[in-house]
Amino acid sequence: MTTEPLSFPRRYARTQRFTLGAPRAFTVSPDGSRVVFLRSSSGTDRANQLWVLDVAEGQERVAADPRALLGGATERLSAAERARRERSREGGAGIVGYATDTAVELASFALSGRLFTAELRAGTARELRVPGPVIDPRPSPDGRLVAYVRGGALRVVGAEGEGDRALVEPESGADPGTVSYGLAEFIAAEEMGRSRGFWWSPEGDRLLVARVDDAPVRRWWISDPAQPERAPQQVGYPAAGTDNADVRLFVIGLDGVRTEVVWDRAHYPYLAHVHWSAAGAPLILVQARDQRSQLFLAVDPDTGATRMVHADEDPQWLDLFPGVPCWSPAGQLVRIADEGGARVLAFGERPFTGVQLHVRAVLDVSADDVLISASAGEAAAAPETGEVHVYRVNELGVERLSQEPGVHSAVRGGGVTVLVSSVPDQPGAQVRVLRDGKRVATVTSYAESPGLSPRVTLTEGGARKISCALLMPTDYDGVTPLPVLMDPYGGPHGPRVLAAHNAHLTSQWFADQGFAVVVADGRGTPGRSPAWEKAVRDDFTLTLDDQIDALHGLAERFPLDLSRVAIRGWSFGGWLAGLAVLRRPDVFHAGIAGAPVTDWRLYDTHYTERYLGDPAAAAQAYAKSSLITDDGLSAPAEPHRPLMIVHGLADDNVVVAHALRLSSALLAAGRPHEVLPLSGVTHMTPQEQVAENLLLLQVDFLKRALKLS
């Protein structure tokens with residue numbers, strides 16, 4: 001008896017895009033002897049285990065196994081934990097996050113709402129019996145205590161399970177369920193890259209704790225029409241132009257005494273970043289509502305007073321970056337800034353990089369150097385399309401650590417660097433452990449091989465030299481003109497043109513269905529220059545112009561059939577697909593809009609106002625960049641083109657109202673279209689059958705719409 005091999009869509013869904021079984025979330029001990037990480041046991045296993053690599057011996061061992069710790073019981077997640085995972089786009093199970101003490105001897109994590117710790121040297125794990133459900137447990141730097149959030153209260157317990165108590169709880173007079181201590185508010189987790197709400201002092205004697213009051217935030221209701229017996233879920237959603245949560249910051253001692261951190265919250269309401277290390281006073285970054293000014297403030301933990309360390313202003317907006325601001329061990333401010341037309345690494349007021357590099361993140365700061373990730377800047381010798389590299393930067397200059405073309409990142413500690421590399425000609429990512437630049441160990445990946453190798457050409461297209469990836473069918477003859485499928489994200493935060501094998505798997509699968517697939521990163525997409533990203537201020541429609549520019553530029557060099565062009569995308573890419581069909585039917589003949597933002601007034605404050613401003617003052621910009629307005633379709637063109645709209649009914653990021661209002665406007669305008677509602681699906685599509693069939697249904701739609709045989 002033979003078994004039919006699984007299709008690529010089913011394998012892609014079952015392996016969560018071939019990420020299951022791959023190691024991730026690395027931490028290096030300060031003595032360089034251990035590397036801690038997460039990994040599931042196979043390429044189809046969702047449950048992550050906590051692992052430790054002994055660097056000297058090159059041996060890996062499990063420090064915590066969720067199945068053993070839960071006795072085989074099914075995981076149960078609280079609503080707050082599910083929301084945290086949705087904000088971080090976490091589709092895994094088991095141990096999905098952990099924190100350690102400074103020595104990386106003790107790790108803590110939540111599992112099914114229960115609190116566990118692991119002794120990383122001994123490789124043993126235990127449960128601490130505390131009231132749950134537990135969220136975001138973090139050991140003190142000395143490993144004596146573990147702080148965690150439960151029911152909106154920040155609590156601490158001894159590392160042996162003794163002395164559990166609340167340090168601070170929602171006030172008795174607060175609206176029920178609106179106040180929490182120690183958690184990031186929606187807007188911080190979704191848009192600012194700040195998933196935390198509390199930070200230990202280096203001495204472990206007190207904490208900085210965010211207090212979030214959601215009461216001012218407008219309430220929306222998320223329901224599942226397929227489950228009419230279930231009550232809708234109430235969520236606080238800060239849509240553009242409406243009130244945000246009220247966020248304050250307190251220093252809280254282990255005795256419960258609290259001192260409020262004082263800054264001009266009326267002018268700088270966004271708490272964007274918090275850093276507390278032994279190198280200096282607590283450091284916070286606060287932003288104005290319009291994100292055109294921000295302050296770097298040092299905090300006096302005894303009084304709560306703040307002093308300005310640095311101030312930034314920008315006529316468009318100020319970006320936030322991973323790893324900064326922070327102090328160097330010598331007490332200098334480390335930051336990433338847009339100066340002289342480049343995105344640079346700066347110590348205090350002095351830039352240490354120039355226009356040759358476009359700095360993307362600070363990975364580590366030591367007494368000798370700063371480890372960064374960066375792509376080629378506007379003045380680089382070569383465009384290095386889709387590449388991201390790791391560099392060491394100090395007063396002597398810049399040294400590149402990653403060599404082969406690809407997408408690289410790193411974690412460092414104790415003279416050991418964990419270099420994670422994804423390259424075009426190998427599936428997955430290779431994880432090498434380096435000491436003094438030499439490989440001393442490799443972390444094993446259990447991820448499945450896709451069984452598919454992208455036939456990708458990384459190039460530039462159009463007059464603006466837009467970064468592009470062009471994918472042809474595996475058996476393509478190189479001559480026959482092919483129908484085109486544009487496959488973009490195409491906007492802020494989401495570069496899709498990457499020099500990495502697995503980044504192009506779905507695009508290649510679509511190519512093998514008979515398409516030339518084009519992925520283009522136009523203006524607004526990060527990784528090139530500040531001016532490139534900020535060109536979309538007040539006008540998102542420029543991103544559509546760039547898709548067309550790239551398409552026509554590539555058609556001059558490759559056999560593309562411009563009489564049969566379709567476009568598909570998700571989220572911003574879904575909006576872009578809808579815009580393409582409605583505004584430029586002369587170019588695009590069909591579109592698939594997945595979870596599209598159709599009216600930018602319905603998207604969140606921090607993201608939308610950064611690019612389009614306050615909707616009360618910028619109504620024209622919102623109308624131009626939206627697919628619909630209060631009057632119906634926004635600037636539709638003729639002729640009608642086939643459009644499929646796909647949306648998860650449980651989406652609390654881009655709510656399904658976007659798709660429903662677009663469908664209503666299309667119907668009112670007499671424009672036929674298809675709507676595919678996904679019951680119980682959020683902004684992610686982790687369900688295996690849903691993810692598989694979604695790909696198959698898209699291909700069927702495209703072939704019908706373009707009249708392909």
# chains A, B, ... in the order shown; residues from 1 in each chain; ligands from 1

$ select_by_dssp --residues "range 48-124 of chain A" --states "helix (DSSP H, G or I)" --output "number ranges by chain"
A: 66-69, 79-87

$ closest_atom_pairs --of "range 167-207 of chain A" --to "range 267-279 of chain A" --cutoff "9 Å" --atoms "only C-alpha atoms" --output "CSV"
residue,atom,partner,partner_atom,distance
A:Ala188,CA,A:Ala272,CA,6.9
A:Met192,CA,A:Ala272,CA,6.2
A:Gly193,CA,A:Ala272,CA,8.1
A:Arg194,CA,A:His273,CA,6.6
A:Phe198,CA,A:Val274,CA,8.8
A:Trp199,CA,A:Trp276,CA,7.1
A:Trp200,CA,A:Trp276,CA,7.4
A:Ser201,CA,A:Trp276,CA,6.2
A:Pro202,CA,A:Ala278,CA,5.6
A:Glu203,CA,A:Ala278,CA,8.2

$ closest_residue --among "A:Phe588, A:Asp302, A:Gly406, A:Ser366" --to "Arg392 in chain A" --atoms "only C-alpha atoms"
A:Ser366

$ closest_residue --among "A:Asp561, A:Gly451, A:Val28, A:Arg523" --to "Ser7 in chain A" --atoms "only C-alpha atoms"
A:Gly451
